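Engineer: One file is attached below, target14.cif, containing mmCIF, C-alpha atoms.
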data_query
loop_
_atom_site.label_atom_id
_atom_site.label_comp_id
_atom_site.auth_asym_id
_atom_site.auth_seq_id
_atom_site.Cartn_x
_atom_site.Cartn_y
_atom_site.Cartn_z
CA MET A 100 -7.04 -26.43 -8.34
CA SER A 101 -4.89 -24.55 -10.84
CA GLY A 102 -4.24 -20.99 -9.72
CA THR A 103 -5.29 -21.55 -6.13
CA ARG A 104 -3.12 -21.25 -3.06
CA THR A 105 -3.23 -22.11 0.57
CA ALA A 106 -3.03 -19.53 3.33
CA THR A 107 0.72 -20.10 3.56
CA GLY A 108 1.41 -18.50 0.20
CA THR A 109 2.10 -21.77 -1.65
CA ARG A 110 0.15 -22.91 -4.67
CA GLY A 111 -1.80 -26.04 -3.91
CA GLY A 112 -0.33 -29.10 -5.66
CA SER A 113 2.64 -27.21 -7.13
CA SER A 114 5.32 -29.42 -5.61
CA GLY A 115 4.88 -32.34 -8.01
CA ALA A 116 7.75 -33.91 -9.94
CA GLY A 117 9.12 -31.69 -12.67
CA ALA A 118 7.41 -28.52 -11.38
CA ARG A 119 9.65 -25.45 -11.29
CA ARG A 120 9.47 -23.61 -8.02
CA VAL A 121 9.14 -19.87 -8.49
CA LEU A 122 9.22 -17.81 -5.31
CA ALA A 123 7.97 -14.21 -5.32
CA VAL A 124 9.46 -12.19 -2.46
CA ILE A 125 7.87 -8.88 -1.45
CA PRO A 126 10.22 -6.83 0.77
CA ALA A 127 8.16 -4.65 3.13
CA ARG A 128 9.93 -2.96 6.03
CA GLY A 129 7.95 -1.27 8.75
CA GLY A 130 9.99 1.93 8.78
CA SER A 131 9.28 4.60 6.16
CA LYS A 132 10.38 8.22 6.32
CA GLY A 133 8.57 9.55 3.26
CA VAL A 134 5.15 8.04 4.03
CA PRO A 135 4.62 6.70 7.58
CA ALA A 136 3.45 3.07 7.59
CA LYS A 137 3.71 3.22 3.79
CA ASN A 138 3.39 -0.49 3.08
CA LEU A 139 0.07 -0.57 4.95
CA ALA A 140 -1.26 2.57 3.25
CA THR A 141 -4.43 1.84 1.30
CA VAL A 142 -4.88 2.34 -2.43
CA GLY A 143 -8.22 1.37 -3.90
CA GLY A 144 -9.32 0.33 -0.42
CA GLU A 145 -6.53 -2.24 -0.03
CA PRO A 146 -3.15 -2.06 1.78
CA LEU A 147 -0.20 -1.80 -0.60
CA VAL A 148 1.32 -5.03 0.68
CA ALA A 149 -1.97 -6.85 0.09
CA ARG A 150 -2.16 -5.50 -3.47
CA ALA A 151 1.31 -6.89 -4.20
CA VAL A 152 0.41 -10.27 -2.68
CA ARG A 153 -2.78 -10.43 -4.75
CA ALA A 154 -0.90 -9.70 -7.97
CA CYS A 155 1.67 -12.41 -7.20
CA LEU A 156 -0.99 -14.96 -6.27
CA GLY A 157 -2.72 -14.29 -9.58
CA ALA A 158 0.40 -15.03 -11.64
CA GLY A 159 0.31 -18.51 -13.16
CA LEU A 160 4.07 -19.14 -12.98
CA VAL A 161 4.48 -18.15 -9.33
CA THR A 162 4.28 -21.10 -6.95
CA ASP A 163 5.11 -19.39 -3.62
CA VAL A 164 4.61 -15.87 -2.28
CA ALA A 165 6.51 -14.56 0.75
CA VAL A 166 6.55 -11.15 2.42
CA SER A 167 9.83 -10.27 4.14
CA THR A 168 9.16 -7.84 6.97
CA ASP A 169 10.23 -6.68 10.41
CA ASP A 170 6.78 -5.29 11.23
CA SER A 171 3.96 -7.21 12.94
CA GLY A 172 1.23 -5.16 11.26
CA ILE A 173 2.61 -5.84 7.79
CA ALA A 174 3.04 -9.50 8.69
CA ALA A 175 -0.61 -9.79 9.72
CA ALA A 176 -1.81 -8.02 6.56
CA ALA A 177 0.38 -10.29 4.42
CA ARG A 178 -1.00 -13.46 6.03
CA THR A 179 -4.55 -12.20 5.61
CA ALA A 180 -3.85 -11.60 1.92
CA GLY A 181 -2.56 -15.17 1.51
CA ALA A 182 1.23 -14.88 1.68
CA GLN A 183 3.67 -16.62 3.95
CA VAL A 184 5.75 -14.32 6.15
CA VAL A 185 9.51 -14.27 6.60
CA GLU A 186 10.58 -12.36 9.70
CA ARG A 187 13.49 -10.18 8.66
CA PRO A 188 16.45 -9.96 11.09
CA GLY A 189 17.41 -6.54 12.38
CA GLU A 190 20.76 -6.54 10.61
CA ILE A 191 19.03 -6.50 7.21
CA ALA A 192 16.06 -4.35 8.19
CA GLY A 193 17.67 -0.90 8.44
CA ASP A 194 17.71 1.99 5.99
CA THR A 195 21.03 0.86 4.50
CA ALA A 196 20.02 -2.79 4.01
CA THR A 197 19.68 -3.87 0.37
CA SER A 198 16.64 -5.53 -1.15
CA GLU A 199 18.97 -8.26 -2.39
CA ALA A 200 19.90 -9.16 1.19
CA ALA A 201 16.24 -9.46 2.16
CA VAL A 202 15.45 -11.61 -0.89
CA LEU A 203 18.40 -13.96 -0.33
CA HIS A 204 17.38 -14.38 3.31
CA ALA A 205 13.78 -15.11 2.28
CA VAL A 206 14.95 -17.73 -0.23
CA ASP A 207 16.98 -19.48 2.48
CA VAL A 208 14.07 -19.46 4.93
CA CYS A 209 11.52 -20.71 2.39
CA GLU A 210 13.81 -23.49 1.18
CA THR A 211 14.39 -24.59 4.77
CA ARG A 212 10.66 -24.59 5.51
CA SER A 213 9.72 -26.62 2.45
CA GLY A 214 12.81 -28.75 2.06
CA ALA A 215 12.73 -28.01 -1.68
CA PRO A 216 15.03 -25.74 -3.71
CA VAL A 217 13.83 -22.57 -5.40
CA ASP A 218 14.45 -22.47 -9.16
CA ALA A 219 13.67 -18.81 -9.80
CA VAL A 220 13.06 -15.89 -7.46
CA LEU A 221 11.16 -12.66 -8.02
CA LEU A 222 11.58 -9.35 -6.21
CA VAL A 223 8.22 -7.55 -6.28
CA GLN A 224 7.85 -4.06 -4.83
CA CYS A 225 4.58 -3.24 -3.10
CA THR A 226 5.29 0.47 -3.63
CA SER A 227 4.35 -0.06 -7.29
CA PRO A 228 0.59 -0.36 -6.71
CA PHE A 229 -0.51 -0.97 -10.30
CA ILE A 230 1.61 -3.97 -11.18
CA THR A 231 -0.52 -6.75 -12.65
CA CYS A 232 -0.34 -10.53 -12.48
CA GLU A 233 0.37 -10.42 -16.23
CA ASP A 234 3.45 -8.24 -15.56
CA ILE A 235 4.66 -10.72 -12.96
CA ASP A 236 4.08 -13.69 -15.24
CA ALA A 237 5.96 -11.94 -18.06
CA VAL A 238 9.03 -11.16 -15.98
CA ALA A 239 9.03 -14.63 -14.45
CA GLY A 240 8.56 -16.21 -17.87
CA ALA A 241 11.62 -14.42 -19.24
CA VAL A 242 13.72 -16.48 -16.81
CA VAL A 243 11.69 -19.66 -16.39
CA GLU A 244 10.71 -20.10 -20.04
CA GLY A 245 12.85 -17.66 -22.01
CA GLY A 246 16.28 -18.65 -20.74
CA ALA A 247 17.28 -15.23 -19.38
CA ASP A 248 19.43 -15.11 -16.26
CA SER A 249 17.66 -12.05 -14.93
CA ALA A 250 14.79 -9.81 -16.01
CA LEU A 251 13.09 -6.58 -15.04
CA THR A 252 9.95 -4.63 -15.87
CA VAL A 253 10.52 -1.58 -18.07
CA ALA A 254 8.34 0.96 -19.85
CA PRO A 255 9.02 2.62 -23.23
CA PHE A 256 10.50 6.07 -22.69
CA HIS A 257 10.78 8.80 -25.32
CA GLY A 258 11.85 11.80 -23.28
CA PHE A 259 14.96 13.92 -23.55
CA VAL A 260 16.92 13.54 -20.30
CA TRP A 261 18.78 16.58 -18.96
CA ARG A 262 21.25 16.99 -16.15
CA ASP A 263 22.20 20.11 -14.24
CA GLY A 264 25.94 20.61 -14.83
CA SER A 265 26.41 22.25 -11.44
CA ALA A 266 24.89 19.27 -9.61
CA GLY A 267 27.50 16.64 -10.43
CA THR A 268 30.88 15.88 -11.88
CA ASP A 269 31.76 15.21 -15.50
CA ALA A 270 32.87 11.74 -14.50
CA ALA A 271 29.31 10.86 -13.47
CA ALA A 272 27.73 12.31 -16.59
CA THR A 273 27.57 9.26 -18.82
CA ASP A 274 24.73 8.26 -21.10
CA ALA A 275 23.20 4.79 -21.54
CA ALA A 276 25.85 3.85 -24.13
CA GLY A 277 28.65 4.59 -21.67
CA THR A 278 29.94 7.69 -23.52
CA ASP A 279 30.91 10.86 -21.72
CA ALA A 280 27.81 13.05 -21.97
CA ALA A 281 29.77 16.06 -20.73
CA ALA A 282 32.54 15.81 -23.34
CA GLY A 283 32.90 18.89 -25.52
CA ARG A 284 30.86 21.17 -23.32
CA SER A 285 31.92 24.78 -23.36
CA ALA A 286 32.90 26.67 -20.25
CA ALA A 287 29.60 28.53 -20.45
CA GLU A 288 27.74 25.23 -20.37
CA ALA A 289 29.75 23.76 -17.49
CA THR A 290 27.30 24.96 -14.86
CA GLY A 291 24.19 24.85 -17.04
CA GLY A 292 21.95 22.04 -18.16
CA PHE A 293 23.14 19.51 -20.72
CA GLY A 294 21.61 16.56 -22.51
CA VAL A 295 22.29 13.10 -21.08
CA ASN A 296 20.71 10.93 -23.78
CA HIS A 297 20.88 13.49 -26.57
CA ASP A 298 22.86 16.37 -28.05
CA LYS A 299 20.89 19.49 -27.24
CA ALA A 300 21.86 20.97 -30.61
CA PHE A 301 20.27 18.06 -32.43
CA ARG A 302 16.58 17.31 -31.84
CA PRO A 303 15.59 14.25 -33.88
CA ARG A 304 11.95 13.28 -34.21
CA ARG A 305 10.62 10.65 -31.81
CA GLN A 306 10.46 8.02 -34.56
CA ASP A 307 14.09 8.72 -35.49
CA ARG A 308 15.45 8.23 -31.97
CA PRO A 309 16.49 4.86 -30.50
CA GLN A 310 13.95 3.32 -28.13
CA ASP A 311 14.88 4.03 -24.52
CA LEU A 312 13.45 1.90 -21.72
CA LEU A 313 12.70 3.16 -18.21
CA GLU A 314 13.18 0.74 -15.30
CA THR A 315 9.85 0.74 -13.47
CA GLY A 316 11.12 -0.64 -10.15
CA ALA A 317 8.08 -2.90 -9.90
CA ALA A 318 9.36 -6.45 -10.49
CA TYR A 319 12.57 -8.35 -11.10
CA ALA A 320 13.17 -12.04 -11.79
CA MET A 321 16.37 -14.00 -11.31
CA ASP A 322 17.59 -17.54 -11.78
CA ALA A 323 17.95 -18.58 -8.13
CA ALA A 324 21.37 -20.23 -8.39
CA GLY A 325 22.79 -17.37 -10.44
CA PHE A 326 21.33 -14.80 -8.05
CA ARG A 327 22.87 -16.53 -5.05
CA LYS A 328 26.27 -16.54 -6.77
CA ALA A 329 26.12 -12.96 -8.06
CA GLY A 330 24.46 -11.43 -4.98
CA HIS A 331 22.81 -8.87 -7.23
CA ARG A 332 19.58 -8.78 -9.21
CA PHE A 333 21.31 -8.11 -12.56
CA PHE A 334 23.67 -10.75 -13.92
CA GLY A 335 24.20 -12.78 -17.07
CA ARG A 336 21.67 -12.06 -19.81
CA THR A 337 19.22 -9.50 -18.49
CA GLU A 338 15.89 -9.35 -20.30
CA PRO A 339 13.84 -6.11 -20.22
CA VAL A 340 10.11 -6.88 -20.11
CA ARG A 341 7.86 -4.10 -21.38
CA THR A 342 4.86 -3.01 -19.33
CA ASP A 343 2.13 -0.38 -19.72
CA PRO A 344 3.64 3.08 -19.11
CA ALA A 345 0.30 4.29 -17.74
CA ARG A 346 0.72 1.94 -14.78
CA VAL A 347 4.22 3.08 -13.84
CA LEU A 348 4.10 4.79 -10.45
CA GLU A 349 6.36 4.34 -7.43
CA ILE A 350 5.15 5.60 -4.06
CA ASP A 351 7.94 7.47 -2.30
CA ASP A 352 6.15 10.45 -0.77
CA PRO A 353 2.60 11.57 0.16
CA HIS A 354 2.07 13.15 -3.27
CA ASP A 355 2.73 9.79 -4.95
CA LEU A 356 0.23 8.16 -2.61
CA ALA A 357 -2.39 10.78 -3.43
CA ARG A 358 -1.83 10.23 -7.17
CA ALA A 359 -2.15 6.46 -6.74
CA ARG A 360 -5.45 6.85 -4.91
CA ALA A 361 -6.75 9.16 -7.63
CA LEU A 362 -5.70 6.69 -10.36
CA ALA A 363 -6.99 3.54 -8.67
CA PRO A 364 -10.62 3.92 -9.88
CA LEU A 365 -9.30 4.21 -13.45
CA LEU A 366 -6.63 1.48 -13.39
CA ASP A 367 -8.04 -1.14 -11.02
CA ALA A 368 -10.31 -3.82 -12.40
CA PRO A 369 -13.71 -3.61 -10.72
CA ARG A 370 -13.75 -5.83 -7.64
CA PRO A 371 -16.41 -6.13 -4.98
CA ARG A 372 -15.22 -4.70 -1.69
CA ALA A 373 -14.95 -7.27 1.07
CA LEU A 374 -16.73 -6.54 4.34
CA PRO A 375 -15.09 -7.31 7.68
CA GLY A 376 -16.42 -9.97 10.03
CA ARG A 377 -15.99 -10.39 13.77
CA GLU A 378 -12.97 -12.63 13.17
CA ASP A 379 -11.18 -9.71 11.46
CA VAL A 380 -11.63 -7.01 14.10
CA ASP A 381 -10.67 -6.53 17.77
CA ALA A 382 -11.53 -2.84 18.09
CA VAL A 383 -13.83 -0.25 16.52
CA VAL A 384 -12.78 3.40 16.53
CA LEU A 385 -15.29 6.02 15.44
CA ASP A 386 -14.97 9.56 14.23
CA PHE A 387 -17.83 11.75 15.44
CA ASP A 388 -18.84 14.65 13.20
CA GLY A 389 -20.09 13.40 9.84
CA THR A 390 -19.78 9.78 10.94
CA GLN A 391 -22.13 9.58 13.92
CA THR A 392 -23.89 12.77 12.81
CA ASP A 393 -24.95 14.16 9.42
CA ASP A 394 -22.19 16.82 9.78
CA ARG A 395 -24.70 19.61 10.41
CA VAL A 396 -24.59 21.78 13.55
CA LEU A 397 -27.48 23.79 15.00
CA ILE A 398 -26.50 26.77 17.17
CA ASP A 399 -28.98 28.35 19.57
CA SER A 400 -29.05 31.98 20.64
CA GLU A 401 -26.71 31.21 23.52
CA GLY A 402 -24.09 29.75 21.17
CA ARG A 403 -24.75 26.16 22.25
CA GLU A 404 -24.28 23.55 19.55
CA LEU A 405 -26.81 20.84 18.84
CA VAL A 406 -26.36 17.80 16.60
CA ALA A 407 -28.60 14.90 15.61
CA VAL A 408 -27.55 11.28 16.18
CA HIS A 409 -29.21 8.01 15.20
CA ARG A 410 -30.75 5.68 17.78
CA GLY A 411 -29.81 2.69 15.64
CA ASP A 412 -26.16 3.65 16.01
CA GLY A 413 -26.55 3.52 19.78
CA LEU A 414 -28.06 0.05 19.48
CA GLY A 415 -25.18 -1.11 17.31
CA ILE A 416 -22.53 0.32 19.64
CA ALA A 417 -24.18 -1.34 22.65
CA ALA A 418 -24.08 -4.69 20.84
CA LEU A 419 -20.40 -4.23 19.97
CA ARG A 420 -19.63 -3.39 23.59
CA ARG A 421 -21.46 -6.49 24.85
CA ASP A 422 -19.50 -8.65 22.41
CA GLY A 423 -16.24 -7.55 23.99
CA LEU A 424 -14.88 -5.30 21.27
CA GLU A 425 -12.73 -2.36 22.37
CA LEU A 426 -14.46 0.88 21.42
CA LEU A 427 -13.30 4.49 21.14
CA ILE A 428 -14.62 7.79 19.85
CA LEU A 429 -11.79 9.85 18.34
CA SER A 430 -12.60 13.41 17.32
CA THR A 431 -10.69 16.49 16.24
CA GLU A 432 -13.35 18.74 17.73
CA GLU A 433 -13.28 19.45 21.46
CA ASN A 434 -16.98 19.75 22.12
CA PRO A 435 -19.22 18.96 25.11
CA VAL A 436 -21.60 17.25 22.68
CA VAL A 437 -18.96 14.63 21.85
CA ALA A 438 -18.22 13.93 25.51
CA ALA A 439 -21.94 13.75 26.33
CA ARG A 440 -22.57 11.23 23.54
CA ALA A 441 -19.65 9.09 24.71
CA ARG A 442 -21.04 9.04 28.26
CA LYS A 443 -24.45 8.05 26.92
CA LEU A 444 -22.90 5.18 24.93
CA ARG A 445 -20.57 4.22 27.83
CA ILE A 446 -17.44 4.22 25.67
CA PRO A 447 -14.20 6.20 26.04
CA VAL A 448 -13.54 9.33 24.01
CA LEU A 449 -10.49 11.27 22.91
CA HIS A 450 -11.46 14.66 21.50
CA GLY A 451 -9.70 17.90 20.72
CA ILE A 452 -7.01 15.79 19.00
CA ASP A 453 -4.88 17.42 16.29
CA ARG A 454 -2.97 14.27 15.27
CA LYS A 455 -5.60 11.56 15.39
CA ASP A 456 -3.23 8.96 13.96
CA LEU A 457 -0.69 9.45 16.75
CA ALA A 458 -3.44 9.28 19.37
CA LEU A 459 -4.82 6.13 17.78
CA LYS A 460 -1.40 4.49 17.63
CA GLN A 461 -0.78 5.23 21.31
CA TRP A 462 -4.24 3.93 22.26
CA CYS A 463 -3.57 0.68 20.37
CA GLU A 464 -0.25 0.26 22.17
CA GLU A 465 -1.85 0.87 25.56
CA LYS A 466 -4.62 -1.63 24.80
CA GLY A 467 -2.27 -4.20 23.27
CA ILE A 468 -4.23 -4.16 20.00
CA GLU A 469 -2.58 -4.63 16.62
CA PRO A 470 -3.59 -1.71 14.33
CA GLU A 471 -4.44 -4.09 11.48
CA ARG A 472 -7.16 -5.54 13.76
CA VAL A 473 -8.80 -2.11 14.13
CA LEU A 474 -11.83 -0.90 12.18
CA TYR A 475 -11.81 2.89 11.90
CA ALA A 476 -14.90 4.67 10.57
CA GLY A 477 -14.59 8.21 9.22
CA ASN A 478 -15.84 10.64 6.63
CA ASP A 479 -13.35 13.43 5.90
CA VAL A 480 -9.73 14.07 4.96
CA ASN A 481 -8.56 14.42 8.58
CA ASP A 482 -9.39 10.71 8.93
CA LEU A 483 -6.93 9.64 6.21
CA PRO A 484 -3.87 9.33 8.52
CA CYS A 485 -5.88 6.88 10.63
CA PHE A 486 -6.96 5.04 7.47
CA ASN A 487 -3.27 4.50 6.69
CA LEU A 488 -2.69 3.02 10.15
CA VAL A 489 -5.51 0.47 10.51
CA GLY A 490 -6.40 -2.76 8.77
CA TRP A 491 -10.04 -1.84 8.15
CA PRO A 492 -10.54 1.80 7.10
CA VAL A 493 -14.27 2.33 6.57
CA ALA A 494 -15.94 5.35 4.97
CA VAL A 495 -19.56 6.21 5.58
CA ALA A 496 -21.76 6.92 2.57
CA GLY A 497 -21.49 10.59 1.70
CA ALA A 498 -17.86 10.76 2.86
CA HIS A 499 -15.41 12.92 0.94
CA GLU A 500 -14.42 11.35 -2.38
CA VAL A 501 -10.77 10.82 -1.46
CA VAL A 502 -11.87 9.14 1.77
CA ARG A 503 -14.13 6.73 -0.11
CA GLU A 504 -11.26 5.92 -2.48
CA ALA A 505 -8.94 5.15 0.46
CA ALA A 506 -11.52 3.04 2.29
CA ARG A 507 -11.51 -0.73 2.36
CA ALA A 508 -15.29 -0.77 2.83
CA ILE A 509 -18.08 1.82 2.49
CA THR A 510 -21.40 1.81 4.30
CA GLN A 511 -24.66 2.20 2.43
CA ALA A 512 -26.05 4.45 5.16
CA PRO A 513 -24.72 8.02 5.49
CA GLY A 514 -23.25 9.40 8.69
CA GLY A 515 -25.92 10.16 11.25
CA GLU A 516 -28.40 7.87 9.50
CA GLY A 517 -27.44 4.46 10.81
CA ALA A 518 -23.93 3.95 9.39
CA ILE A 519 -22.57 2.67 12.72
CA ARG A 520 -25.52 0.30 13.10
CA GLU A 521 -24.66 -1.04 9.65
CA ILE A 522 -21.01 -1.59 10.61
CA ALA A 523 -22.14 -3.46 13.73
CA SER A 524 -24.28 -5.73 11.53
CA TRP A 525 -21.22 -6.56 9.41
CA LEU A 526 -19.40 -7.75 12.50
CA LEU A 527 -22.19 -9.36 14.51
CA GLY A 528 -24.90 -10.19 11.96
CA PRO A 529 -28.07 -8.26 11.10
CA SER A 530 -29.85 -9.37 14.27
CA LEU A 531 -26.86 -8.34 16.46
#
Could you write out this structure as structure tokens?
Structural biologist:
Amino acid sequence: MSGTRTATGTRGGSSGAGARRVLAVIPARGGSKGVPAKNLATVGGEPLVARAVRACLGAGLVTDVAVSTDDSGIAAAARTAGAQVVERPGEIAGDTATSEAAVLHAVDVCETRSGAPVDAVLLVQCTSPFITCEDIDAVAGAVVEGGADSALTVAPFHGFVWRDGSAGTDAAATDAAGTDAAAGRSAAEATGGFGVNHDKAFRPRRQDRPQDLLETGAAYAMDAAGFRKAGHRFFGRTEPVRTDPARVLEIDDPHDLARARALAPLLDAPRPRALPGREDVDAVVLDFDGTQTDDRVLIDSEGRELVAVHRGDGLGIAALRRDGLELLILSTEENPVVAARARKLRIPVLHGIDRKDLALKQWCEEKGIEPERVLYAGNDVNDLPCFNLVGWPVAVAGAHEVVREAARAITQAPGGEGAIREIASWLLGPSL
């Protein structure tokens, strides 16, 4: 049973006498200004919060994994991934709330639930998508086995750091050794750039410079009693734990998310993609062009558009409808062909939609469906905002590369050649 956990985020059999209890807390608020629904955004076909849970569950020293959140969608994704959920109160869920406050609250809740004290606590950020279970074990081990009071993940850093003199005051311009980096600057330099960790007039070789370490922001470990007393993640002897610089990436804006998705095929260990079952999905939302068609359009002499659809897709959609799933066609194009196909299939349609994600979110609210219980099938970049919103983003074979990378599952059949019939077979079985 070593290394296995129950669905509540606790390692099976870890509560025996003498075992040290190590709780990994993943703070994951619902609100995000830089990337909407960021903690549910997919990288390598998996929501960020689920990636963090998986890494924590794979760490040998971690006994319990909890996600602290104020968002029902994140909570559902966390439970599905195998973590326990701590509902975060509103007073520590706003933009000004500290991660420390969320972690301390999670420790209190988890200790109350189990009736056992936590020996060490980890703060693991799901916005660092490439953290590994080895990283988590290393930072936990620095405290649990190495005697440190606190620890953090760092990466070797060899760059020359500069600061714009016009952007701050001399009092704030201090280097890592605590010396005044602005001291001795000439008047001409006062509003120009100056070196923070170096003298710009002296450029030593890399091997002659002291080793700087960059805080990655991915994981921190603290002795639980010391953390409770200090109220901050850094106290006592703080141990920096080196990690692979190639994996250092924090997602703060859409460009970071795009980079993470591009890097995932290179940095992620190959894992078979899981396919959804009926127990995972309450609704199926379908793009039209390129998903239910092969993305080609025939235009007759009168300007009328014709597309080809697959009869097997109609069979699959009928089976999904009979099984009670909510269905919707959601299309950017406003086209009579889309409306006609929806009437034929007897399912609702929203077309001519510029912001498909906003329309999908509103539809889910009106239907009372949690977005993480929605399967959305698409093929092109205008489907990516919806991919970030739902629990099961699915790309059809032949979809754009970035769409396949963001998908949680990919059909073997291309759009217009039975992809929807294939999705129906995932949910209802091959015989439907």
Engineer: Closest to A:Glu465 among A:Glu425, A:Arg150, A:Asp355, A:Asp170, using all atoms listed in the file?
Structural biologist: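 For A:Glu465, the nearest of the candidates is A:Glu425.
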Engineer: At what distance in Å, to one decimal, does atom CA of A:Ala494 lie from atom CA of A:Cys232?
Structural biologist: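 Between these atoms lies a distance of 28.3 Å.
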Engineer: Expanded to explicit residues, what is the PyMOL selection byres ((chain A and resi 477-485) around 8) for this file, as a PyMOL selection string?
Structural biologist: chain A and resi 385-387+389-390+455-456+459+475-476+486-489+492-495+497-499+501-503+505+514
Engineer: Of the candidates A:Pro126, A:Pro188, A:Pro135, A:Gly415, which one gets nearest to A:Pro353 if we count only C-alpha atoms?
Structural biologist: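 Of the candidates, the smallest distance to A:Pro353 is held by A:Pro135.
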Engineer: May I have the protein, DNA and RNA residues with an atom at most 7 Å from (-24.8, 18.0, 16.7), counting all atoms listed in the file in the file's coordinates, returned as JSON, numbers by chain?
Structural biologist: {"A": [392, 395, 396, 397, 404, 405, 406, 407, 436]}
Engineer: Quick one: apply the PyMOL selection byres ((chain A and resi 473) around 7) to the file and drop the selected residues here as a VMD selection string.
Structural biologist: chain A and resid 380 to 383 470 to 472 474 to 475 489 to 491
Engineer: Please evaluate the PyMOL selection byres ((chain A and resi 292-297) around 6) against the displayed coordinates and give the resulting residues as a ChimeraX atom specification.
Structural biologist: /A:260-264,274,280,291,298-299
Engineer: I want to know what sits within 12 Å of stretch 408-410 of chain A, based on all atoms listed in the file, with residues of the same chain fewer than 5 positions away left out; could you give that as an NGL selection string?
Structural biologist: :A and (387-396 or 415-417 or 436-437 or 439-441 or 443-444 or 512-521)
Engineer: Which residues, written as a PDB file with C-alpha atoms, keeping the file's coordinate frame, have at least one atom at most 6 Å from A:Arg341, with all atoms listed in the file counted and residues fewer than 6 positions away on the same chain left out?
Structural biologist:
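Once written, part_30.pdb looks like this:
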ATOM      1  CA  THR A 252       9.950  -4.630 -15.870  1.00  0.00           C
ATOM      2  CA  VAL A 253      10.520  -1.580 -18.070  1.00  0.00           C
ATOM      3  CA  ALA A 254       8.340   0.960 -19.850  1.00  0.00           C
TER       4      ALA A 254
END
Engineer: Please provide the set of residues having any atom within 10 Å of A:Ala136, restricted to only C-alpha atoms, with same-chain residues fewer than 2 positions apart removed, written as a PyMOL selection string.
Structural biologist: chain A and resi 128-134+138-140+170+172-173+484+487-489
Engineer: Can you work out which one of A:Ala320, A:Ser213, A:Ala205, A:Ala165 has the shortest atom-to-atom distance to A:Glu244, counting only C-alpha atoms?
Structural biologist: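 Among the listed residues, A:Ala320 lies closest to A:Glu244.
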Engineer: Please identify all polymer residues lying at most 9 Å from the point (15.2, -0.7, -3.5) (file coordinates), using only C-alpha atoms, and present the result as an MDAnalysis selection string.
Structural biologist: chainID A and resid 126 197:199 224 316
Engineer: Select, from A:Glu338, A:Asp352, A:Asp412, A:Glu233, the residue with the minimum atom-to-atom distance to A:Ser524, counting all atoms listed in the file.
Structural biologist: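 Closest to A:Ser524, using all atoms listed in the file: A:Asp412.
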Engineer: Given the choices A:Ile446, A:Ala508, A:Ala458, A:Ala363, which gets closest to A:Ser227 if the distance is worked out from all atoms listed in the file?
Structural biologist: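 Ranking A:Ile446, A:Ala508, A:Ala458, A:Ala363 by distance to A:Ser227, first place goes to A:Ala363.
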Engineer: Can you tell me how far atom CA of A:Pro364 sits from atom CA of A:Arg507, in Å to one decimal?
Structural biologist: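 Atom-to-atom, atom CA of A:Pro364 to atom CA of A:Arg507, that is 13.1 Å.
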